[in-house]
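Next up, target13.txt (compact mmCIF, C-alpha atoms and all ligand atoms):
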# COMPACT_ATOMS: atom_id res chain seq x y z
CA MET I 1412 -90.06 39.78 -176.13
CA ASN I 1413 -93.17 40.42 -178.26
CA ALA I 1414 -94.25 37.65 -180.66
CA PRO I 1415 -93.77 38.64 -184.32
CA PRO I 1416 -97.04 39.86 -185.92
CA THR I 1417 -99.07 37.41 -187.99
CA VAL I 1418 -99.88 37.90 -191.66
CA ASP I 1419 -103.43 38.85 -190.67
CA HIS I 1420 -102.21 41.54 -188.29
CA LEU I 1421 -99.84 42.95 -190.91
CA GLN I 1422 -102.55 42.96 -193.56
CA ALA I 1423 -104.97 44.69 -191.21
CA GLU I 1424 -102.45 47.34 -190.16
CA PHE I 1425 -100.48 47.92 -193.36
CA GLY I 1426 -102.31 46.28 -196.30
CA LEU I 1427 -103.65 48.55 -199.05
CA THR I 1428 -106.49 47.07 -201.09
CA GLY I 1429 -105.36 46.13 -204.59
CA ILE I 1430 -101.88 47.58 -203.97
CA VAL I 1431 -100.07 45.95 -201.03
CA HIS I 1432 -100.98 42.50 -199.77
CA PHE I 1433 -99.19 40.64 -196.96
CA GLU I 1434 -99.27 36.87 -197.33
CA PRO I 1435 -97.29 33.72 -196.57
CA GLY I 1436 -94.66 33.32 -199.29
CA GLU I 1437 -92.31 30.43 -200.07
CA GLY I 1438 -91.50 28.32 -197.01
CA GLY I 1439 -94.22 30.18 -195.09
CA LEU I 1440 -91.99 33.28 -194.82
CA ILE I 1441 -94.09 36.44 -194.82
CA CYS I 1442 -93.95 38.62 -197.91
CA ALA I 1443 -95.64 41.73 -199.25
CA ARG I 1444 -96.91 41.59 -202.83
CA VAL I 1445 -97.04 45.02 -204.37
CA ARG I 1446 -98.86 46.09 -207.52
CA THR I 1447 -98.59 49.67 -208.78
CA ARG I 1448 -99.42 51.33 -212.07
CA HIS I 1449 -95.90 50.71 -213.38
CA ALA I 1450 -94.57 47.67 -211.54
CA GLN I 1451 -95.07 44.57 -209.47
CA ALA I 1452 -92.80 43.59 -206.62
CA VAL I 1453 -92.41 40.98 -203.90
CA ILE I 1454 -90.62 41.80 -200.65
CA TYR I 1455 -89.91 39.26 -197.92
CA LEU I 1456 -89.66 40.45 -194.31
CA HIS I 1457 -86.92 37.80 -193.94
CA GLY I 1458 -83.85 39.92 -194.65
CA ALA I 1459 -86.02 42.82 -196.00
CA HIS I 1460 -85.38 40.99 -199.22
CA VAL I 1461 -86.82 42.23 -202.53
CA THR I 1462 -87.16 39.10 -204.69
CA ARG I 1463 -89.09 40.42 -207.66
CA PHE I 1464 -89.43 43.72 -209.51
CA VAL I 1465 -91.29 43.59 -212.78
CA THR I 1466 -91.57 46.69 -214.94
CA GLY I 1467 -92.05 47.11 -218.68
CA GLY I 1468 -92.90 43.39 -218.88
CA ARG I 1469 -89.52 42.30 -217.53
CA ASP I 1470 -88.38 41.07 -214.11
CA LEU I 1471 -85.15 42.94 -213.48
CA LEU I 1472 -84.18 40.57 -210.66
CA PHE I 1473 -82.85 37.03 -210.87
CA LEU I 1474 -84.17 34.57 -208.27
CA SER I 1475 -82.75 31.06 -208.12
CA GLU I 1476 -85.16 28.20 -208.61
CA LYS I 1477 -83.10 26.34 -206.02
CA SER I 1478 -83.24 29.06 -203.36
CA HIS I 1479 -83.96 27.92 -199.83
CA TYR I 1480 -86.69 29.72 -197.92
CA GLN I 1481 -86.05 29.17 -194.25
CA ALA I 1482 -85.37 31.32 -191.23
CA ASP I 1483 -81.64 30.66 -190.85
CA THR I 1484 -80.69 30.85 -194.55
CA PRO I 1485 -80.47 33.79 -196.97
CA ILE I 1486 -82.64 33.80 -200.08
CA ARG I 1487 -80.55 33.23 -203.24
CA GLY I 1488 -81.30 35.99 -205.71
CA GLY I 1489 -83.20 39.27 -205.56
CA VAL I 1490 -81.53 41.83 -203.32
CA PRO I 1491 -79.92 40.41 -200.18
CA ILE I 1492 -78.74 43.04 -197.68
CA CYS I 1493 -75.18 42.57 -196.44
CA PHE I 1494 -74.72 44.29 -193.06
CA PRO I 1495 -72.85 45.03 -190.77
CA TRP I 1496 -70.02 43.36 -192.66
CA PHE I 1497 -69.47 42.34 -196.27
CA GLY I 1498 -68.02 38.94 -197.23
CA PRO I 1499 -66.37 36.92 -194.46
CA HIS I 1500 -66.14 38.54 -191.01
CA ALA I 1501 -62.73 40.20 -190.54
CA THR I 1502 -61.72 38.22 -187.43
CA ASP I 1503 -64.32 35.52 -186.74
CA SER I 1504 -64.34 32.75 -189.34
CA SER I 1505 -67.39 31.13 -187.70
CA ALA I 1506 -69.50 34.27 -188.29
CA PRO I 1507 -71.91 34.15 -191.24
CA MET I 1508 -70.84 35.44 -194.65
CA HIS I 1509 -72.17 38.95 -195.46
CA GLY I 1510 -73.31 39.83 -191.95
CA LEU I 1511 -76.43 39.34 -189.91
CA ALA I 1512 -79.26 41.19 -191.64
CA ARG I 1513 -80.09 38.79 -194.46
CA THR I 1514 -81.30 36.05 -192.11
CA ARG I 1515 -83.34 38.18 -189.72
CA GLN I 1516 -87.01 39.04 -189.97
CA PHE I 1517 -87.56 42.79 -190.25
CA ALA I 1518 -90.55 44.62 -188.78
CA VAL I 1519 -92.85 46.71 -190.95
CA GLU I 1520 -92.52 50.35 -189.95
CA SER I 1521 -94.76 51.98 -192.55
CA VAL I 1522 -96.50 51.51 -195.90
CA ALA I 1523 -97.69 54.45 -197.96
CA ALA I 1524 -99.02 54.95 -201.50
CA ARG I 1525 -98.24 58.26 -203.18
CA ASP I 1526 -99.27 59.05 -206.76
CA ASP I 1527 -98.05 55.98 -208.69
CA ASP I 1528 -95.49 54.89 -206.09
CA VAL I 1529 -95.61 52.70 -203.01
CA GLU I 1530 -93.10 53.19 -200.21
CA ILE I 1531 -92.50 50.39 -197.71
CA THR I 1532 -90.14 50.86 -194.78
CA LEU I 1533 -88.84 47.81 -192.93
CA ARG I 1534 -86.82 48.00 -189.74
CA LEU I 1535 -84.38 45.84 -187.82
CA ARG I 1536 -83.48 46.96 -184.33
CA PRO I 1537 -82.11 44.09 -182.26
CA GLY I 1538 -83.25 44.18 -178.61
CA GLN I 1539 -79.80 42.96 -177.52
CA PRO I 1540 -76.33 43.89 -178.76
CA ILE I 1541 -75.03 41.23 -181.18
CA GLY I 1542 -71.42 40.78 -180.11
CA ASP I 1543 -69.32 43.82 -181.02
CA ALA I 1544 -70.77 43.89 -184.53
CA TRP I 1545 -74.17 45.39 -183.77
CA PRO I 1546 -74.38 47.45 -180.59
CA LEU I 1547 -77.66 48.33 -178.93
CA GLY I 1548 -79.04 51.57 -180.36
CA VAL I 1549 -78.09 50.83 -183.99
CA THR I 1550 -81.18 50.60 -186.22
CA LEU I 1551 -81.19 49.38 -189.82
CA ARG I 1552 -84.04 50.57 -192.03
CA HIS I 1553 -84.76 49.53 -195.59
CA ARG I 1554 -86.96 52.10 -197.34
CA ILE I 1555 -88.13 50.64 -200.62
CA VAL I 1556 -89.95 52.76 -203.20
CA ILE I 1557 -91.73 50.85 -205.95
CA GLY I 1558 -92.57 53.00 -208.94
CA SER I 1559 -91.37 52.92 -212.53
CA SER I 1560 -87.96 52.31 -210.92
CA LEU I 1561 -87.05 50.32 -207.81
CA GLU I 1562 -85.43 52.60 -205.26
CA MET I 1563 -83.81 51.03 -202.21
CA ASN I 1564 -82.54 53.17 -199.36
CA LEU I 1565 -80.54 51.40 -196.70
CA GLU I 1566 -80.49 53.64 -193.63
CA VAL I 1567 -78.25 53.06 -190.63
CA GLU I 1568 -79.13 55.11 -187.57
CA ASN I 1569 -76.57 55.21 -184.80
CA ALA I 1570 -77.89 56.03 -181.34
CA SER I 1571 -75.48 53.68 -179.59
CA GLY I 1572 -73.58 56.39 -177.71
CA ALA I 1573 -70.33 55.76 -179.63
CA PRO I 1574 -69.11 55.82 -183.25
CA PHE I 1575 -70.22 52.73 -185.20
CA GLY I 1576 -68.17 51.19 -188.01
CA PHE I 1577 -69.83 48.95 -190.61
CA GLU I 1578 -69.81 47.61 -194.15
CA GLU I 1579 -72.94 47.25 -196.27
CA ALA I 1580 -74.16 46.09 -199.67
CA LEU I 1581 -77.32 45.82 -201.68
CA HIS I 1582 -76.19 42.55 -203.25
CA THR I 1583 -78.44 42.80 -206.31
CA TYR I 1584 -78.86 39.77 -208.60
CA PHE I 1585 -79.92 40.97 -212.07
CA ALA I 1586 -81.64 38.68 -214.55
CA VAL I 1587 -79.89 38.63 -217.94
CA ASN I 1588 -80.58 36.62 -221.07
CA ASP I 1589 -77.05 35.33 -221.59
CA ILE I 1590 -74.04 36.27 -219.46
CA HIS I 1591 -71.75 35.82 -222.49
CA ARG I 1592 -73.41 38.83 -224.14
CA VAL I 1593 -73.52 41.05 -221.05
CA GLU I 1594 -71.50 44.23 -220.70
CA VAL I 1595 -71.43 46.43 -217.62
CA SER I 1596 -70.49 50.01 -218.43
CA GLY I 1597 -69.58 52.91 -216.15
CA LEU I 1598 -66.56 51.26 -214.51
CA ASP I 1599 -64.01 52.05 -217.23
CA ASN I 1600 -60.71 53.24 -215.77
CA THR I 1601 -61.75 52.23 -212.24
CA GLU I 1602 -59.48 50.24 -209.93
CA TYR I 1603 -60.68 46.95 -208.50
CA LEU I 1604 -59.58 44.19 -206.18
CA ASP I 1605 -59.76 40.83 -207.93
CA LYS I 1606 -61.03 38.25 -205.43
CA THR I 1607 -60.35 35.44 -207.92
CA ASP I 1608 -56.67 36.47 -208.05
CA GLY I 1609 -55.57 36.93 -204.42
CA MET I 1610 -57.17 40.41 -204.12
CA ASN I 1611 -54.70 41.80 -206.67
CA ARG I 1612 -55.36 45.41 -207.56
CA LYS I 1613 -56.17 45.97 -211.24
CA LYS I 1614 -57.66 48.62 -213.47
CA GLN I 1615 -60.79 48.16 -215.59
CA VAL I 1616 -60.35 48.93 -219.28
CA GLY I 1617 -63.60 49.38 -221.22
CA PRO I 1618 -66.85 47.68 -220.14
CA VAL I 1619 -66.83 44.59 -217.91
CA ARG I 1620 -67.36 41.42 -219.94
CA PHE I 1621 -67.68 37.88 -218.58
CA THR I 1622 -65.58 34.93 -219.71
CA GLY I 1623 -65.08 33.10 -216.41
CA GLU I 1624 -65.59 33.38 -212.67
CA THR I 1625 -65.75 37.09 -211.84
CA ASP I 1626 -65.58 38.46 -208.30
CA ARG I 1627 -64.37 42.05 -208.07
CA VAL I 1628 -64.63 44.95 -205.67
CA TYR I 1629 -64.44 48.18 -207.69
CA LEU I 1630 -63.19 51.13 -205.65
CA ALA I 1631 -64.27 54.79 -205.62
CA THR I 1632 -66.89 54.01 -208.24
CA PRO I 1633 -69.04 56.54 -210.11
CA ALA I 1634 -72.70 56.96 -209.23
CA THR I 1635 -74.12 55.21 -212.29
CA THR I 1636 -73.43 51.86 -213.93
CA THR I 1637 -75.44 50.19 -216.67
CA ILE I 1638 -75.97 46.54 -217.53
CA HIS I 1639 -76.41 45.89 -221.25
CA ASP I 1640 -77.61 42.40 -222.08
CA GLY I 1641 -78.17 42.69 -225.81
CA GLU I 1642 -81.93 43.19 -225.39
CA CYS I 1643 -82.20 46.00 -222.88
CA ASP I 1644 -80.24 48.23 -220.55
CA ILE I 1645 -80.69 48.33 -216.80
CA GLU I 1646 -79.36 51.43 -215.07
CA ILE I 1647 -78.16 51.39 -211.47
CA ALA I 1648 -77.96 54.90 -210.01
CA THR I 1649 -76.53 55.20 -206.52
CA ASP I 1650 -76.03 57.73 -203.74
CA HIS I 1651 -73.49 57.48 -200.90
CA ALA I 1652 -72.05 54.21 -202.17
CA ASP I 1653 -68.31 54.23 -202.88
CA ALA I 1654 -67.80 50.62 -204.00
CA THR I 1655 -69.38 48.34 -206.60
CA VAL I 1656 -69.03 44.57 -206.47
CA VAL I 1657 -69.39 42.56 -209.67
CA TRP I 1658 -69.90 38.81 -209.31
CA ASN I 1659 -70.70 35.80 -211.45
CA PRO I 1660 -69.80 32.36 -210.02
CA TRP I 1661 -69.44 30.70 -213.44
CA ILE I 1662 -69.52 26.89 -213.82
CA ALA I 1663 -67.63 25.28 -210.92
CA LYS I 1664 -68.74 27.67 -208.17
CA ALA I 1665 -72.35 27.43 -209.40
CA ALA I 1666 -72.21 23.64 -209.23
CA ALA I 1667 -70.84 23.83 -205.68
CA MET I 1668 -73.68 26.01 -204.35
CA PRO I 1669 -76.53 23.91 -202.95
CA ASP I 1670 -79.09 26.68 -203.38
CA PHE I 1671 -78.25 27.60 -206.99
CA GLY I 1672 -79.02 25.71 -210.21
CA ASP I 1673 -76.02 24.33 -212.12
CA ASP I 1674 -76.86 26.38 -215.23
CA GLU I 1675 -78.23 29.50 -213.59
CA TRP I 1676 -74.90 31.39 -213.78
CA GLN I 1677 -75.72 32.04 -217.43
CA ARG I 1678 -78.83 34.05 -216.55
CA MET I 1679 -77.59 36.31 -213.75
CA VAL I 1680 -75.05 38.90 -212.82
CA CYS I 1681 -74.58 40.61 -209.47
CA VAL I 1682 -73.78 44.30 -209.56
CA GLU I 1683 -73.73 45.27 -205.91
CA THR I 1684 -74.04 48.76 -204.46
CA ALA I 1685 -71.67 48.80 -201.50
CA ASN I 1686 -69.50 50.46 -198.91
CA CYS I 1687 -66.90 47.88 -197.94
CA GLY I 1688 -63.19 47.39 -197.31
CA ARG I 1689 -61.47 50.74 -197.43
CA HIS I 1690 -64.90 52.30 -198.06
CA ALA I 1691 -66.40 50.99 -194.80
CA VAL I 1692 -68.45 53.64 -193.00
CA ASN I 1693 -67.59 55.09 -189.60
CA LEU I 1694 -70.78 56.69 -188.37
CA PRO I 1695 -70.64 59.12 -185.44
CA ASP I 1696 -73.15 58.74 -182.62
CA GLY I 1697 -76.43 60.52 -183.33
CA MET I 1698 -76.03 60.33 -187.13
CA THR I 1699 -77.80 58.42 -189.91
CA HIS I 1700 -76.16 57.13 -193.09
CA THR I 1701 -78.27 56.31 -196.16
CA MET I 1702 -77.02 54.35 -199.16
CA THR I 1703 -79.32 54.32 -202.18
CA ALA I 1704 -79.62 52.19 -205.31
CA ARG I 1705 -82.19 53.07 -207.97
CA LEU I 1706 -82.75 50.41 -210.63
CA SER I 1707 -84.51 51.24 -213.85
CA LEU I 1708 -85.11 49.70 -217.24
CA LYS I 1709 -83.93 51.96 -220.04
C1 LIG P 1 -70.30 38.27 -203.53
C2 LIG P 1 -68.90 38.00 -203.09
O1 LIG P 1 -70.66 39.54 -203.10
O2 LIG P 1 -71.17 37.32 -202.94
C3 LIG P 1 -68.52 36.59 -203.47
O3 LIG P 1 -68.01 38.95 -203.66
C4 LIG P 1 -69.52 35.60 -202.90
O4 LIG P 1 -67.21 36.30 -203.02
C5 LIG P 1 -70.92 36.00 -203.33
O5 LIG P 1 -69.20 34.30 -203.33
C6 LIG P 1 -72.03 35.11 -202.79
O6 LIG P 1 -71.99 35.01 -201.40
P1 LIG P 1 -73.02 34.10 -200.64
O7 LIG P 1 -72.64 34.16 -199.19
O8 LIG P 1 -74.38 34.72 -200.87
O9 LIG P 1 -72.92 32.74 -201.23

If you convert what's in this file into structure tokens, what do you get?
Amino acid sequence: MNAPPTVDHLQAEFGLTGIVHFEPGEGGLICARVRTRHAQAVIYLHGAHVTRFVTGGRDLLFLSEKSHYQADTPIRGGVPICFPWFGPHATDSSAPMHGLARTRQFAVESVAARDDDVEITLRLRPGQPIGDAWPLGVTLRHRIVIGSSLEMNLEVENASGAPFGFEEALHTYFAVNDIHRVEVSGLDNTEYLDKTDGMNRKKQVGPVRFTGETDRVYLATPATTTIHDGECDIEIATDHADATVVWNPWIAKAAAMPDFGDDEWQRMVCVETANCGRHAVNLPDGMTHTMTARLSLK
């Protein structure tokens, strides 16, 4: 197996002076720092994880001050990728939560600057099948476009010779000023499974507000949701995503997480662009599926 490229190699092959710089990030994990006319971003190759997206003077993403940065652990905050399953594995309780992608180092496939945007494509193509979950011939690409919005395209290419079933999520942590004042609109009248209440099926009435632990999988969701936090609105526009997960751990769960500050639940909300559960994807051989989330400050 080839050794992973060094920061110097990546910078020489893909760096763009003044725009994209590869460097060792926290814990020595390699990241790309991106600066465009409208935004700044940081993307770790570990998990193809966007940890920072600043536009209009505001970082849209929450990143825990207690996050670990090490090869076998996901980063807490930013945009973890859940793939090829979401939540606990359906049959193997020893398998990691939220799949395999968020703790693997992705390769850089391409970097390009176009007008005011930068597009970075990262790729994960295991050289061996990983159990039944990730057969040989399945490639995961994360195509990230940094402009005045942050566009993330999660592409699954199936060349395995058989249909491939998977779940996926862009598990986005948004930074908010005070969770008590947050409303998420766009989910009115939508059914959801309440993970804090035995997966009971319920219907959303009005905007989502937060008064306690919240962990919900909204089903057959519309393409756009908006987070209002009293100071600004963040719009999440999606393509080919049928589910939306809304999560805030609140006090007790926050205190129980070793990589999350005890008070940080007040400053974050996860609104996750997903295909999971009954919206899992079954991708025929020879096909590619792309799920997109476009985040912008309104
Ligand atoms: C959410 C799930 O997507 O992720 C929650 O709905 C879970 O149930 C949360 O607690 C965080 O998961 P993890 O593995 O990153 O701690």

As a quick test: using all atoms listed in the file, which residues lie no more than 10 Å away from ligand LIG 1 (chain P)? Give them as a CSV table (one decimal) with C-alpha atoms, in the frame of the given file.
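Final file, out-v2.csv:
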chain,number,residue,atom,x,y,z
I,1484,THR,CA,-80.7,30.8,-194.6
I,1485,PRO,CA,-80.5,33.8,-197.0
I,1486,ILE,CA,-82.6,33.8,-200.1
I,1487,ARG,CA,-80.6,33.2,-203.2
I,1488,GLY,CA,-81.3,36.0,-205.7
I,1491,PRO,CA,-79.9,40.4,-200.2
I,1492,ILE,CA,-78.7,43.0,-197.7
I,1493,CYS,CA,-75.2,42.6,-196.4
I,1497,PHE,CA,-69.5,42.3,-196.3
I,1498,GLY,CA,-68.0,38.9,-197.2
I,1499,PRO,CA,-66.4,36.9,-194.5
I,1507,PRO,CA,-71.9,34.2,-191.2
I,1508,MET,CA,-70.8,35.4,-194.6
I,1509,HIS,CA,-72.2,39.0,-195.5
I,1510,GLY,CA,-73.3,39.8,-192.0
I,1513,ARG,CA,-80.1,38.8,-194.5
I,1580,ALA,CA,-74.2,46.1,-199.7
I,1581,LEU,CA,-77.3,45.8,-201.7
I,1582,HIS,CA,-76.2,42.6,-203.2
I,1583,THR,CA,-78.4,42.8,-206.3
I,1584,TYR,CA,-78.9,39.8,-208.6
I,1605,ASP,CA,-59.8,40.8,-207.9
I,1606,LYS,CA,-61.0,38.2,-205.4
I,1607,THR,CA,-60.4,35.4,-207.9
I,1625,THR,CA,-65.8,37.1,-211.8
I,1626,ASP,CA,-65.6,38.5,-208.3
I,1627,ARG,CA,-64.4,42.0,-208.1
I,1628,VAL,CA,-64.6,45.0,-205.7
I,1655,THR,CA,-69.4,48.3,-206.6
I,1656,VAL,CA,-69.0,44.6,-206.5
I,1657,VAL,CA,-69.4,42.6,-209.7
I,1658,TRP,CA,-69.9,38.8,-209.3
I,1659,ASN,CA,-70.7,35.8,-211.4
I,1660,PRO,CA,-69.8,32.4,-210.0
I,1664,LYS,CA,-68.7,27.7,-208.2
I,1665,ALA,CA,-72.4,27.4,-209.4
I,1668,MET,CA,-73.7,26.0,-204.4
I,1669,PRO,CA,-76.5,23.9,-203.0
I,1670,ASP,CA,-79.1,26.7,-203.4
I,1671,PHE,CA,-78.2,27.6,-207.0
I,1681,CYS,CA,-74.6,40.6,-209.5
I,1682,VAL,CA,-73.8,44.3,-209.6
I,1683,GLU,CA,-73.7,45.3,-205.9
I,1684,THR,CA,-74.0,48.8,-204.5
I,1685,ALA,CA,-71.7,48.8,-201.5

Legend entry - Selected residue, from I:Asn1588, I:Thr1514, I:Thr1466, I:Asn1569, that lies nearest to Ala1452 in chain I when counting only C-alpha atoms: I:Thr1466

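Closest approach to Arg1515 in chain I among I:His1432, I:Arg1448, I:His1500, I:Arg1536 is made by I:Arg1536 (distances from all atoms listed in the file).
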
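Checking I:Cys1687, I:Val1431, I:Ala1631, I:Val1593 one by one against Trp1496 in chain I, counting only C-alpha atoms, you find the shortest gap at I:Cys1687.
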
Legend entry - Distance in Å - CA of Asp1608 in chain I versus CA of Ala1506 in chain I: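 Distance between the two atoms: 23.7 Å.
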